[in-house]
file final_14.txt (compact mmCIF, C-alpha atoms and all ligand atoms)
# COMPACT_ATOMS: atom_id res chain seq x y z
CA MET A 1 167.42 -57.30 -196.01
CA GLY A 2 168.22 -58.01 -199.66
CA TYR A 3 166.30 -60.40 -201.89
CA LEU A 4 168.99 -63.09 -201.73
CA ALA A 5 169.09 -62.91 -197.96
CA VAL A 6 165.34 -63.36 -197.91
CA LEU A 7 165.54 -66.43 -200.15
CA ASN A 8 168.21 -67.79 -197.85
CA THR A 9 165.98 -67.25 -194.83
CA LEU A 10 163.12 -69.02 -196.57
CA SER A 11 165.24 -72.01 -197.45
CA GLN A 12 166.47 -72.24 -193.84
CA HIS A 13 162.83 -72.53 -192.92
CA SER A 14 162.42 -75.26 -195.56
CA ILE A 15 159.67 -73.54 -197.45
CA ARG A 16 159.46 -73.75 -201.21
CA PRO A 17 157.10 -72.73 -203.97
CA ASN A 18 154.69 -75.57 -204.51
CA THR A 19 152.22 -76.21 -207.27
CA ARG A 20 150.47 -79.20 -205.69
CA SER A 21 146.67 -78.88 -205.86
CA ASP A 22 145.51 -79.76 -202.40
CA ILE A 23 143.57 -76.77 -201.06
CA SER A 24 140.37 -78.38 -199.90
CA LEU A 25 137.74 -77.08 -202.35
CA ARG A 26 134.16 -78.23 -202.00
CA PRO A 27 132.66 -80.08 -205.00
CA PRO A 28 130.03 -77.90 -206.73
CA SER A 29 126.46 -78.26 -205.42
CA PRO A 30 123.26 -76.38 -206.29
CA GLU A 31 122.69 -74.98 -202.76
CA MET A 32 126.22 -73.85 -202.05
CA PRO A 33 127.77 -70.68 -203.52
CA SER A 34 130.54 -71.20 -206.03
CA GLU A 35 134.04 -71.55 -204.55
CA SER A 36 135.28 -69.14 -207.23
CA THR A 37 134.24 -66.23 -204.99
CA GLY A 38 136.17 -67.47 -201.97
CA LEU A 39 139.69 -67.24 -200.55
CA ARG A 40 140.44 -70.93 -201.20
CA HIS A 41 139.97 -70.50 -204.92
CA PHE A 42 142.47 -67.61 -204.90
CA ILE A 43 145.01 -69.67 -202.94
CA GLN A 44 144.51 -72.50 -205.44
CA ARG A 45 145.15 -70.09 -208.32
CA LEU A 46 148.36 -68.88 -206.66
CA SER A 47 149.40 -72.50 -206.28
CA ASP A 48 148.52 -73.40 -209.89
CA ASN A 49 150.65 -70.47 -211.04
CA GLY A 50 153.65 -71.59 -208.97
CA ARG A 51 153.47 -68.56 -206.69
CA LEU A 52 152.31 -70.08 -203.41
CA VAL A 53 154.86 -71.03 -200.77
CA ARG A 54 153.66 -73.67 -198.33
CA VAL A 55 155.29 -73.58 -194.92
CA LYS A 56 155.23 -77.15 -193.71
CA LYS A 57 157.58 -76.98 -190.76
CA PRO A 58 156.02 -76.38 -187.34
CA THR A 59 155.71 -72.61 -186.96
CA GLU A 60 155.13 -70.47 -183.87
CA TRP A 61 152.14 -68.13 -183.91
CA ARG A 62 154.15 -65.88 -181.62
CA PHE A 63 156.39 -63.65 -183.80
CA GLU A 64 157.55 -66.36 -186.25
CA ILE A 65 154.63 -66.14 -188.72
CA GLY A 66 154.90 -62.34 -188.70
CA ARG A 67 158.68 -62.35 -189.11
CA MET A 68 158.62 -64.80 -192.02
CA THR A 69 155.82 -62.85 -193.69
CA ARG A 70 157.77 -59.58 -193.47
CA GLN A 71 160.89 -61.23 -194.86
CA SER A 72 159.13 -62.63 -197.90
CA ARG A 73 157.28 -61.20 -200.88
CA SER A 74 155.64 -64.52 -201.71
CA PRO A 75 152.14 -65.58 -200.69
CA LEU A 76 152.63 -67.89 -197.69
CA LEU A 77 150.36 -70.66 -196.45
CA PHE A 78 151.38 -71.81 -192.96
CA GLU A 79 150.12 -75.38 -192.77
CA ASN A 80 151.57 -76.49 -189.46
CA ILE A 81 151.04 -74.02 -186.63
CA LYS A 82 152.22 -75.08 -183.20
CA GLU A 83 149.30 -75.51 -180.73
CA TYR A 84 146.76 -75.24 -183.57
CA PRO A 85 146.44 -78.60 -185.37
CA GLY A 86 144.14 -78.45 -188.40
CA ARG A 87 144.33 -74.65 -188.62
CA GLN A 88 146.21 -72.69 -191.31
CA VAL A 89 147.29 -69.08 -191.73
CA PHE A 90 147.58 -67.33 -195.11
CA THR A 91 149.56 -64.10 -195.59
CA ASN A 92 151.09 -61.93 -198.35
CA GLY A 93 148.22 -62.65 -200.76
CA LEU A 94 148.40 -59.32 -202.57
CA SER A 95 152.13 -58.75 -202.56
CA ASP A 96 152.50 -57.69 -206.22
CA ILE A 97 150.67 -56.88 -209.47
CA ASP A 98 150.48 -60.52 -210.57
CA SER A 99 148.82 -61.55 -207.31
CA ILE A 100 146.31 -58.70 -207.60
CA ALA A 101 145.57 -59.84 -211.17
CA LEU A 102 145.01 -63.43 -210.00
CA ALA A 103 142.76 -62.20 -207.18
CA LEU A 104 140.61 -60.44 -209.78
CA GLY A 105 140.36 -63.61 -211.87
CA LEU A 106 142.88 -62.40 -214.47
CA GLU A 107 146.10 -64.03 -215.62
CA CYS A 108 149.64 -63.09 -214.53
CA GLY A 109 151.69 -60.81 -216.77
CA HIS A 110 149.52 -57.70 -216.86
CA SER A 111 151.32 -54.39 -216.77
CA GLN A 112 150.18 -52.06 -214.02
CA LYS A 113 148.57 -49.88 -216.66
CA SER A 114 146.50 -52.66 -218.20
CA LEU A 115 145.46 -54.00 -214.80
CA LEU A 116 144.22 -50.56 -213.78
CA ALA A 117 142.42 -50.07 -217.09
CA GLU A 118 140.61 -53.38 -216.55
CA ALA A 119 139.73 -52.47 -212.95
CA ARG A 120 138.33 -49.10 -214.12
CA ARG A 121 136.29 -50.81 -216.81
CA ARG A 122 134.84 -53.26 -214.28
CA MET A 123 134.02 -50.51 -211.79
CA GLY A 124 131.83 -48.95 -214.46
CA SER A 125 129.14 -51.61 -213.90
CA LEU A 126 128.51 -52.47 -210.26
CA VAL A 127 127.44 -56.04 -209.46
CA LYS A 128 124.95 -56.46 -206.62
CA PRO A 129 125.55 -59.20 -204.01
CA LYS A 130 123.32 -62.27 -204.01
CA ILE A 131 121.58 -63.69 -200.91
CA VAL A 132 122.11 -67.46 -200.82
CA PRO A 133 120.42 -70.02 -198.55
CA THR A 134 123.57 -71.53 -197.07
CA GLY A 135 127.34 -71.45 -197.20
CA PRO A 136 130.46 -73.29 -196.06
CA VAL A 137 131.03 -70.85 -193.18
CA LEU A 138 128.07 -72.55 -191.43
CA GLU A 139 130.00 -75.83 -191.19
CA ASN A 140 130.91 -75.09 -187.55
CA ILE A 141 128.90 -72.85 -185.23
CA VAL A 142 130.08 -71.88 -181.75
CA SER A 143 127.54 -70.21 -179.48
CA ALA A 144 128.27 -67.48 -176.91
CA SER A 145 128.65 -69.87 -173.97
CA GLU A 146 131.40 -71.88 -175.75
CA LEU A 147 133.04 -69.00 -177.55
CA ASN A 148 136.79 -68.55 -177.21
CA LEU A 149 138.61 -66.46 -179.81
CA LEU A 150 141.88 -68.01 -178.64
CA GLN A 151 140.80 -71.14 -180.53
CA LEU A 152 141.75 -69.27 -183.68
CA PRO A 153 145.44 -69.29 -184.69
CA VAL A 154 145.76 -65.52 -184.37
CA PRO A 155 149.43 -64.59 -184.79
CA HIS A 156 151.33 -62.19 -182.58
CA TRP A 157 152.61 -60.44 -185.70
CA SER A 158 155.48 -58.41 -184.22
CA TYR A 159 157.28 -58.24 -180.90
CA LYS A 160 156.50 -54.50 -181.13
CA ASP A 161 152.77 -55.24 -180.89
CA ARG A 162 151.12 -55.22 -177.48
CA GLY A 163 149.17 -58.39 -178.27
CA ARG A 164 147.70 -60.67 -180.90
CA TYR A 165 145.84 -58.96 -183.77
CA LEU A 166 142.70 -60.74 -184.86
CA GLY A 167 141.82 -58.19 -187.52
CA THR A 168 144.57 -57.24 -189.94
CA TRP A 169 143.13 -58.36 -193.34
CA HIS A 170 139.43 -58.89 -192.79
CA ILE A 171 136.17 -56.97 -193.08
CA ASN A 172 133.99 -55.25 -190.48
CA VAL A 173 130.33 -55.19 -191.48
CA THR A 174 127.89 -52.76 -189.82
CA LYS A 175 124.74 -50.84 -190.64
CA ASP A 176 123.81 -47.23 -190.04
CA PRO A 177 121.33 -47.24 -187.12
CA GLU A 178 119.31 -44.44 -188.74
CA THR A 179 119.39 -45.14 -192.47
CA GLY A 180 120.13 -48.90 -192.42
CA SER A 181 122.82 -48.42 -195.07
CA ARG A 182 125.61 -50.98 -194.91
CA ASN A 183 129.30 -50.25 -194.34
CA VAL A 184 132.05 -52.74 -195.08
CA GLY A 185 135.49 -51.55 -193.95
CA VAL A 186 138.84 -52.75 -192.64
CA TYR A 187 139.58 -51.60 -189.07
CA ARG A 188 142.32 -53.26 -187.08
CA MET A 189 141.33 -55.39 -184.09
CA GLN A 190 143.47 -56.51 -181.16
CA MET A 191 142.37 -59.57 -179.21
CA LEU A 192 141.72 -58.69 -175.56
CA GLY A 193 140.32 -61.98 -174.29
CA PRO A 194 138.14 -64.99 -175.17
CA THR A 195 135.23 -62.83 -176.36
CA GLN A 196 136.61 -59.31 -176.59
CA ALA A 197 138.65 -57.31 -179.08
CA THR A 198 139.39 -53.68 -179.86
CA VAL A 199 138.17 -51.88 -182.98
CA SER A 200 140.45 -49.03 -184.01
CA ALA A 201 138.44 -46.81 -186.36
CA SER A 202 139.51 -43.33 -187.37
CA PRO A 203 137.02 -40.69 -186.12
CA GLY A 204 136.23 -39.71 -189.73
CA SER A 205 135.44 -43.26 -190.84
CA HIS A 206 131.95 -44.47 -191.68
CA LEU A 207 132.12 -47.01 -188.86
CA ALA A 208 132.93 -44.33 -186.27
CA ARG A 209 130.05 -42.21 -187.52
CA GLN A 210 127.61 -45.13 -187.38
CA PHE A 211 128.74 -46.05 -183.90
CA ALA A 212 128.35 -42.43 -182.72
CA LYS A 213 124.67 -42.61 -183.70
CA ALA A 214 124.10 -45.88 -181.80
CA GLU A 215 126.05 -44.66 -178.78
CA LYS A 216 124.01 -41.45 -178.60
CA GLU A 217 120.98 -43.68 -178.02
CA GLY A 218 122.94 -45.76 -175.50
CA ARG A 219 122.75 -48.80 -177.79
CA PRO A 220 125.44 -51.26 -178.94
CA LEU A 221 126.21 -51.33 -182.67
CA PRO A 222 125.91 -54.87 -184.14
CA MET A 223 129.04 -55.81 -186.09
CA ALA A 224 130.17 -58.91 -187.96
CA VAL A 225 133.83 -59.63 -188.63
CA ALA A 226 134.61 -61.88 -191.59
CA ILE A 227 138.15 -63.25 -191.89
CA GLY A 228 139.26 -65.12 -195.02
CA VAL A 229 137.02 -63.61 -197.68
CA SER A 230 137.70 -63.05 -201.37
CA GLU A 231 140.46 -60.48 -201.91
CA ALA A 232 138.10 -58.36 -204.03
CA VAL A 233 135.92 -57.94 -200.93
CA VAL A 234 138.89 -56.74 -198.85
CA ILE A 235 139.99 -54.39 -201.66
CA ALA A 236 136.48 -52.91 -201.81
CA ALA A 237 136.29 -52.63 -198.01
CA ALA A 238 139.58 -50.70 -197.91
CA ALA A 239 138.39 -48.36 -200.66
CA ALA A 240 137.13 -44.86 -199.90
CA TYR A 241 133.59 -45.44 -201.06
CA PRO A 242 130.89 -42.82 -200.53
CA ASP A 243 128.53 -43.17 -197.58
CA GLY A 244 125.35 -44.97 -198.62
CA MET A 245 127.06 -46.94 -201.41
CA ASP A 246 127.62 -50.63 -200.84
CA GLU A 247 131.18 -51.96 -200.91
CA TYR A 248 129.78 -55.42 -201.79
CA ASP A 249 128.60 -53.94 -205.13
CA LEU A 250 132.14 -52.71 -205.80
CA ALA A 251 133.61 -56.11 -204.83
CA GLY A 252 131.16 -57.82 -207.19
CA ALA A 253 132.25 -55.53 -210.01
CA LEU A 254 135.95 -56.08 -209.32
CA GLN A 255 135.64 -59.87 -209.24
CA GLN A 256 132.96 -59.94 -211.98
CA ALA A 257 130.67 -62.10 -209.86
CA PRO A 258 128.13 -61.27 -207.15
CA VAL A 259 129.35 -61.68 -203.58
CA PRO A 260 127.24 -64.54 -202.16
CA LEU A 261 125.82 -63.44 -198.81
CA ILE A 262 124.11 -65.16 -195.91
CA SER A 263 122.46 -63.52 -192.91
CA CYS A 264 124.01 -63.55 -189.47
CA GLN A 265 121.93 -65.11 -186.74
CA THR A 266 122.49 -62.75 -183.81
CA ALA A 267 122.78 -59.52 -185.82
CA PRO A 268 120.85 -58.06 -188.78
CA LEU A 269 123.92 -58.20 -191.02
CA GLU A 270 125.00 -60.11 -194.11
CA ILE A 271 128.41 -61.68 -194.57
CA PRO A 272 130.08 -63.59 -197.43
CA ALA A 273 128.83 -67.19 -197.36
CA ASN A 274 132.30 -68.41 -198.39
CA SER A 275 134.10 -66.72 -195.47
CA GLU A 276 136.57 -68.90 -193.63
CA ILE A 277 135.65 -67.39 -190.24
CA VAL A 278 132.88 -65.04 -189.09
CA ILE A 279 132.51 -63.51 -185.64
CA GLU A 280 129.18 -61.92 -184.76
CA GLY A 281 128.88 -59.42 -181.94
CA ALA A 282 128.50 -55.75 -181.15
CA ILE A 283 130.50 -52.65 -180.28
CA GLN A 284 129.68 -51.62 -176.73
CA PRO A 285 128.47 -48.07 -175.99
CA GLY A 286 130.16 -45.87 -173.40
CA VAL A 287 133.43 -47.84 -173.35
CA ARG A 288 136.86 -47.00 -174.76
CA VAL A 289 139.90 -49.23 -174.58
CA GLN A 290 143.54 -48.96 -175.56
CA ASP A 291 144.52 -50.55 -178.87
CA GLY A 292 148.23 -51.16 -179.39
CA PRO A 293 151.02 -50.37 -179.56
CA TYR A 294 150.72 -51.92 -183.03
CA PHE A 295 153.47 -51.95 -185.67
CA ASP A 296 151.39 -50.25 -188.36
CA TYR A 297 151.75 -49.19 -192.00
CA THR A 298 154.13 -46.34 -191.08
CA GLY A 299 156.67 -48.81 -189.67
CA THR A 300 156.20 -47.40 -186.18
CA PRO A 301 154.40 -48.85 -183.17
CA ASN A 302 151.25 -46.82 -182.77
CA THR A 303 148.67 -46.65 -179.97
CA ASN A 304 145.01 -45.67 -180.08
CA PRO A 305 143.83 -44.93 -176.53
CA ASN A 306 140.21 -44.44 -177.71
CA ALA A 307 139.48 -47.69 -179.50
CA PHE A 308 136.00 -49.25 -179.37
CA LEU A 309 135.29 -52.48 -177.52
CA PHE A 310 133.84 -55.40 -179.51
CA GLU A 311 132.06 -58.18 -177.63
CA ALA A 312 131.67 -61.40 -179.63
CA THR A 313 128.47 -63.45 -179.33
CA ARG A 314 128.85 -66.14 -181.98
CA LEU A 315 131.57 -67.75 -184.08
CA MET A 316 131.16 -69.63 -187.35
CA HIS A 317 133.91 -71.21 -189.39
CA ARG A 318 134.62 -73.62 -192.19
CA SER A 319 136.14 -76.93 -191.25
CA ASN A 320 139.94 -76.57 -191.09
CA PRO A 321 139.59 -72.80 -191.49
CA ILE A 322 142.30 -70.73 -193.13
CA PHE A 323 143.01 -67.62 -191.04
CA ARG A 324 143.87 -64.66 -193.32
CA GLY A 325 146.09 -61.99 -191.86
CA ALA A 326 148.83 -59.55 -192.76
CA ALA A 327 152.19 -58.60 -191.24
CA ILE A 328 152.73 -54.99 -192.19
CA GLY A 329 155.15 -52.23 -191.25
CA VAL A 330 157.78 -52.79 -193.97
CA PRO A 331 157.85 -50.65 -197.15
CA GLY A 332 156.00 -52.34 -200.02
CA ALA A 333 154.14 -54.83 -197.78
CA GLU A 334 150.79 -55.99 -199.08
CA ASP A 335 148.84 -53.16 -197.45
CA HIS A 336 151.04 -50.71 -199.39
CA GLN A 337 150.41 -52.68 -202.60
CA LEU A 338 146.68 -52.50 -201.97
CA PHE A 339 146.78 -48.77 -201.15
CA ALA A 340 148.86 -48.09 -204.29
CA PHE A 341 146.28 -49.96 -206.39
CA LEU A 342 143.44 -47.99 -204.78
CA ALA A 343 145.29 -44.66 -205.06
CA ALA A 344 145.65 -45.16 -208.81
CA LEU A 345 141.86 -45.62 -208.90
CA ASN A 346 141.39 -42.50 -206.70
CA LEU A 347 139.92 -44.66 -203.96
CA VAL A 348 142.13 -43.91 -200.95
CA ASP A 349 141.11 -41.83 -197.95
CA PHE A 350 142.95 -42.05 -194.65
CA HIS A 351 140.60 -39.46 -193.17
CA GLY A 352 143.49 -37.07 -192.52
CA SER A 353 143.94 -33.46 -193.67
CA ARG A 354 143.47 -32.65 -197.35
CA LEU A 355 147.16 -31.79 -197.71
CA LYS A 356 148.30 -35.02 -196.12
CA GLN A 357 145.86 -36.91 -198.32
CA ARG A 358 147.31 -35.35 -201.47
CA VAL A 359 150.87 -36.11 -200.41
CA GLN A 360 150.00 -39.72 -199.54
CA ASN A 361 148.11 -40.24 -202.79
CA PHE A 362 151.04 -38.89 -204.81
CA LEU A 363 153.57 -41.09 -203.02
CA LEU A 364 151.37 -44.18 -203.41
CA LYS A 365 150.82 -43.55 -207.13
CA GLN A 366 154.61 -43.25 -207.56
CA ARG A 367 155.03 -46.38 -205.40
CA LEU A 368 157.45 -44.49 -203.15
CA PHE A 369 156.64 -46.66 -200.15
CA LEU A 370 159.42 -45.53 -197.82
CA ALA A 371 158.36 -41.91 -198.30
CA PHE A 372 154.73 -42.97 -197.86
CA GLN A 373 155.64 -44.47 -194.49
CA PHE A 374 157.38 -41.26 -193.53
CA SER A 375 154.36 -39.17 -194.56
CA GLY A 376 152.24 -41.26 -192.18
CA LYS A 377 154.60 -40.49 -189.30
CA ILE A 378 154.49 -36.73 -189.75
CA GLY A 379 150.70 -36.69 -189.49
CA PRO A 380 150.52 -34.31 -186.52
CA LEU A 381 152.35 -31.61 -188.49
CA LEU A 382 149.83 -31.68 -191.30
CA ARG A 383 146.72 -32.62 -189.40
CA ARG A 384 143.72 -30.34 -189.28
CA LYS A 385 140.83 -30.99 -186.91
CA ILE A 386 140.15 -34.62 -187.79
CA PRO A 387 142.92 -36.94 -186.62
CA SER A 388 143.98 -39.51 -189.19
CA ARG A 389 143.79 -43.25 -188.53
CA ASP A 390 147.43 -43.42 -187.54
C1 LIG A 401 145.18 -53.64 -193.93
C2 LIG A 401 144.36 -52.40 -193.64
C3 LIG A 401 144.24 -51.95 -192.34
C4 LIG A 401 143.48 -50.82 -192.05
N1 LIG A 401 143.32 -50.43 -190.76
C5 LIG A 401 142.53 -49.39 -190.46
C6 LIG A 401 142.29 -49.03 -189.11
O1 LIG A 401 142.78 -49.68 -188.17
N2 LIG A 401 141.47 -47.97 -188.86
C7 LIG A 401 140.89 -47.24 -189.87
O2 LIG A 401 140.16 -46.29 -189.58
N3 LIG A 401 141.14 -47.54 -191.16
C8 LIG A 401 141.92 -48.60 -191.49
N4 LIG A 401 142.14 -48.94 -192.79
C9 LIG A 401 141.62 -48.07 -193.86
C10 LIG A 401 140.15 -48.25 -194.03
O3 LIG A 401 139.81 -49.58 -194.29
C11 LIG A 401 139.71 -47.37 -195.18
O4 LIG A 401 139.91 -46.02 -194.80
C12 LIG A 401 138.28 -47.57 -195.56
O5 LIG A 401 138.02 -46.69 -196.60
C13 LIG A 401 137.35 -47.30 -194.40
O6 LIG A 401 136.08 -47.22 -194.88
P1 LIG A 401 135.14 -45.98 -194.52
O7 LIG A 401 135.71 -44.77 -195.17
O8 LIG A 401 133.87 -46.46 -195.14
O9 LIG A 401 135.09 -45.88 -193.07
C14 LIG A 401 142.88 -50.09 -193.11
C15 LIG A 401 143.01 -50.54 -194.42
C16 LIG A 401 143.75 -51.68 -194.68
C17 LIG A 401 143.87 -52.17 -196.10

call {"tool": "encode", "arguments": {"input": "final_14.txt", "output": "C-alpha cells"}}
result
Amino acid sequence: MGYLAVLNTLSQHSIRPNTRSDISLRPPSPEMPSESTGLRHFIQRLSDNGRLVRVKKPTEWRFEIGRMTRQSRSPLLFENIKEYPGRQVFTNGLSDIDSIALALGLECGHSQKSLLAEARRRMGSLVKPKIVPTGPVLENIVSASELNLLQLPVPHWSYKDRGRYLGTWHINVTKDPETGSRNVGVYRMQMLGPTQATVSASPGSHLARQFAKAEKEGRPLPMAVAIGVSEAVVIAAAAAYPDGMDEYDLAGALQQAPVPLISCQTAPLEIPANSEIVIEGAIQPGVRVQDGPYFDYTGTPNTNPNAFLFEATRLMHRSNPIFRGAAIGVPGAEDHQLFAFLAALNLVDFHGSRLKQRVQNFLLKQRLFLAFQFSGKIGPLLRRKIPSRD
C-alpha cells in the first residue's frame, strides 16, 4: 500500500496527529522515580513534537489495532479499545530515526550517522541501574487468586496469528540459577489462558540457557515480564549483549539516566519501577507448548512447537495502564528499525549460523528490509546446528 493510501486509511479511521498534552504524568515527588525514564514521557515527547497519532474512535482489539499499526508509520495511541474502558494500547513507537532520537532524549532532525555516533559515545560509559523504594507500577496489585491476563487489552495482532500475543515489545527478566547474573531479553509470548503464556526463546539465547540449568534440577525459572518500559530498555534487551553483562547498564547509558528498579515480590528479580505493567511468574520445567503460528519479522506465519510455558503468579500495573505492543511482519516495521539501529552498532545476534548472521547484518545496515525478510525465510538452507529464532 502506498503512502497516500495509508493516509487515506488513517483519515477514514478519523485519527490525526495531535499535540495536546494529556498523557497522565505523575507530579514529581521525592520517593517516586522520575517520569523521564518511563514510556509515558516518551509518548508525551512524541506528542509535543507533533508525531503522535491518537486513535479516538472505538477500536477492536481483534485484528483492527494490528491492521492499523501495519498500515501506518506513525506512533499510534489507541485511546478507546472496545471491551477495555480505561485501557490504552501504544504501537509504532520506534518507526523511524526521529522517533529513536526522541526515545533517547535527543531532538528530531539527526542524520542516521550522527544518531549512531551519539549512541556509540553513550555506550562508552555504562550507567548502572538504581534501586528505588517504590514506583508507579505498584499502584495496582493483583494476586494469584484474582489474576486474569485477559483483563489486559492484548491485541490479536494479525488474523494469521493463532492467538493474542501478550509479549511483542516488552522485556523478559530472569537470572542465571548458577551464577545469579541477570538477563533482560525480548522473547515473544502468546497468551494461552488467564494465567498462562508461551515463551518462544531461540535455543542459543541466554534465556534458553538459563532455563536449561533450572530444568536440569527440576526447578521452575522465575521470570518477570515488564510491558510498557522506556524504549531504551527494550533496545538494550534486544541487543546481543555478552552473557554476564547487564542490559540495564546498557539501557542506562543509552538514555543517559539510571534505570530505576524495584524488586518483585514473588520472584528474586528487579523490574523498572516506571513499567506500565509487570507480570511475575515462572517458566515451568518439563513442559513444552506450541507457540504460533505467529506472523513474525519475516512476514510469514511461523510456529515454534517447543516453546516454554510461563505461569503467572502476580500482576502489577499503573492506573489506566498503557499496553505497549508491536504489529510486525511488514518490511520496515519498528522491529526492523530497531534491528537496523542495533546492526549498525554491531549488536544483533539472531542465534543462527555465522553466514546467515553476516547476511542479515549486511542487509540491516543497508536497510534492505524486504531482502532481510527473505533472508529470515531461507534460514534452513543456511542453518548449522543451532536453529535460529525463526
Ligand atoms: C520485537 C522483538 C521480538 C523478538 N522476539 C524474539 C523471540 O521470540 N525469540 C528470541 O529468541 N529472540 C527474539 N528477539 C531477539 C532477542 O531479543 C535478541 O536476540 C536478544 O539479543 C536476546 O538476548 P540474549 O542473546 O541475551 O538471549 C526479538 C527481538 C525483538 C526486538

call {"tool": "residues_near_ligand", "arguments": {"input": "final_14.txt", "ligand": "ligand LIG 401 (chain A)", "cutoff": "7 Å", "atoms": "only C-alpha atoms and all ligand atoms", "output": "ChimeraX atom specification"}}
result
/A:168-169,183-188,200-202,205-207,237-241,243,335,338-339,348-351,389

call {"tool": "write_last_selection", "arguments": {"input": "final_14.txt", "atoms": "C-alpha atoms", "output": "tab-separated table (two decimals), keeping the file's coordinate frame"}}
result
chain	number	residue	atom	x	y	z
A	168	THR	CA	144.57	-57.24	-189.94
A	169	TRP	CA	143.13	-58.36	-193.34
A	183	ASN	CA	129.30	-50.25	-194.34
A	184	VAL	CA	132.05	-52.74	-195.08
A	185	GLY	CA	135.49	-51.55	-193.95
A	186	VAL	CA	138.84	-52.75	-192.64
A	187	TYR	CA	139.58	-51.60	-189.07
A	188	ARG	CA	142.32	-53.26	-187.08
A	200	SER	CA	140.45	-49.03	-184.01
A	201	ALA	CA	138.44	-46.81	-186.36
A	202	SER	CA	139.51	-43.33	-187.37
A	205	SER	CA	135.44	-43.26	-190.84
A	206	HIS	CA	131.95	-44.47	-191.68
A	207	LEU	CA	132.12	-47.01	-188.86
A	237	ALA	CA	136.29	-52.63	-198.01
A	238	ALA	CA	139.58	-50.70	-197.91
A	239	ALA	CA	138.39	-48.36	-200.66
A	240	ALA	CA	137.13	-44.86	-199.90
A	241	TYR	CA	133.59	-45.44	-201.06
A	243	ASP	CA	128.53	-43.17	-197.58
A	335	ASP	CA	148.84	-53.16	-197.45
A	338	LEU	CA	146.68	-52.50	-201.97
A	339	PHE	CA	146.78	-48.77	-201.15
A	348	VAL	CA	142.13	-43.91	-200.95
A	349	ASP	CA	141.11	-41.83	-197.95
A	350	PHE	CA	142.95	-42.05	-194.65
A	351	HIS	CA	140.60	-39.46	-193.17
A	389	ARG	CA	143.79	-43.25	-188.53

call {"tool": "closest_residue", "arguments": {"input": "final_14.txt", "among": "A:Gly38, A:Pro293, A:Pro75, A:Pro85", "to": "A:Val55", "atoms": "all atoms listed in the file"}}
result
A:Pro75

call {"tool": "closest_residue", "arguments": {"input": "final_14.txt", "among": "A:Asn172, A:Thr179, A:Ser72, A:Gln255", "to": "A:Ile227", "atoms": "only C-alpha atoms"}}
result
A:Asn172

call {"tool": "closest_atom_pairs", "arguments": {"input": "final_14.txt", "of": "stretch 192-295 of chain A", "to": "stretch 120-128 of chain A", "cutoff": "6 Å", "atoms": "only C-alpha atoms", "output": "tab-separated table"}}
result
residue	atom	partner	partner_atom	distance
A:Asp249	CA	A:Lys128	CA	4.7
A:Leu250	CA	A:Leu126	CA	5.8
A:Gly252	CA	A:Val127	CA	4.7
A:Ala253	CA	A:Leu126	CA	4.8
A:Leu254	CA	A:Arg122	CA	5.8
A:Pro258	CA	A:Val127	CA	5.8

call {"tool": "atom_distance", "arguments": {"input": "final_14.txt", "atom1": "atom CA of A:Pro203", "atom2": "atom CA of A:Arg314"}}
result
27.0 Å

call {"tool": "closest_residue", "arguments": {"input": "final_14.txt", "among": "A:Pro268, A:Gly86, A:Gly193, A:Gly244", "to": "A:Thr174", "atoms": "only C-alpha atoms"}}
result
A:Pro268

call {"tool": "axis_aligned_box", "arguments": {"input": "final_14.txt", "around": "stretch 367-370 of chain A", "padding_each_side": "3 Å", "output": "JSON"}}
result
{"center_x": 157.2, "center_y": -45.6, "center_z": -201.6, "size_x": 10.4, "size_y": 8.2, "size_z": 13.6}

call {"tool": "atom_distance", "arguments": {"input": "final_14.txt", "atom1": "atom CA of A:Lys130", "atom2": "atom CA of A:Ile271"}}
result
10.7 Å

call {"tool": "closest_residue", "arguments": {"input": "final_14.txt", "among": "A:Lys175, A:Arg162, A:Lys377, A:His170", "to": "A:Ala236", "atoms": "only C-alpha atoms"}}
result
A:His170

call {"tool": "residues_around", "arguments": {"input": "final_14.txt", "residues": "A:Pro194", "least_positions_apart": "2", "cutoff": "6 Å", "atoms": "only C-alpha atoms", "output": "JSON, numbers by chain"}}
result
{"A": [148, 149, 150]}

call {"tool": "write_last_selection", "arguments": {"input": "final_14.txt", "atoms": "C-alpha atoms", "output": "mmCIF file, in the coordinates of the input"}}
result
data_model
loop_
_atom_site.group_PDB
_atom_site.id
_atom_site.type_symbol
_atom_site.label_atom_id
_atom_site.label_comp_id
_atom_site.auth_asym_id
_atom_site.auth_seq_id
_atom_site.Cartn_x
_atom_site.Cartn_y
_atom_site.Cartn_z
ATOM 1 C CA ASN A 148 136.790 -68.550 -177.210
ATOM 2 C CA LEU A 149 138.610 -66.460 -179.810
ATOM 3 C CA LEU A 150 141.880 -68.010 -178.640
#

call {"tool": "atom_distance", "arguments": {"input": "final_14.txt", "atom1": "atom CA of A:Ala212", "atom2": "atom CA of A:Ser143"}}
result
28.0 Å

call {"tool": "residues_near_point", "arguments": {"input": "final_14.txt", "point": "(157.2, -63.1, -197.6)", "cutoff": "10 Å", "atoms": "all atoms listed in the file", "output": "number ranges by chain"}}
result
A: 6-7, 10, 53, 65-76, 91-93, 95, 327, 333-334

call {"tool": "residues_around", "arguments": {"input": "final_14.txt", "residues": "A:Arg40", "least_positions_apart": "3", "cutoff": "12 Å", "atoms": "all atoms listed in the file", "output": "ChimeraX atom specification"}}
result
/A:21-26,34-37,43-47,77,88-90,93,103,136,228-231,274-276,318,320-324

call {"tool": "residues_near_point", "arguments": {"input": "final_14.txt", "point": "(147.5, -44.2, -178.9)", "cutoff": "10 Å", "atoms": "all atoms listed in the file", "output": "PyMOL selection string"}}
result
chain A and resi 200+290-294+301-307+390

call {"tool": "closest_residue", "arguments": {"input": "final_14.txt", "among": "A:Asp48, A:Asp176, A:Asp246, A:Asp96", "to": "A:Arg367", "atoms": "only C-alpha atoms"}}
result
A:Asp96

call {"tool": "closest_residue", "arguments": {"input": "final_14.txt", "among": "A:Glu60, A:Leu363, A:Phe211, A:Thr198", "to": "A:Glu178", "atoms": "only C-alpha atoms"}}
result
A:Phe211

call {"tool": "residues_around", "arguments": {"input": "final_14.txt", "residues": "A:Ala273", "least_positions_apart": "5", "cutoff": "9 Å", "atoms": "all atoms listed in the file", "output": "VMD selection string"}}
result
chain A and resid 32 to 33 38 131 to 138 229 259 to 263

call {"tool": "residues_around", "arguments": {"input": "final_14.txt", "residues": "stretch 81-84 of chain A", "least_positions_apart": "2", "cutoff": "7 Å", "atoms": "only C-alpha atoms", "output": "list in words"}}
result
Pro58, Thr59, Glu60, Trp61, Phe78, Glu79, Gly86, Arg87, Gln88 and Pro153 of chain A
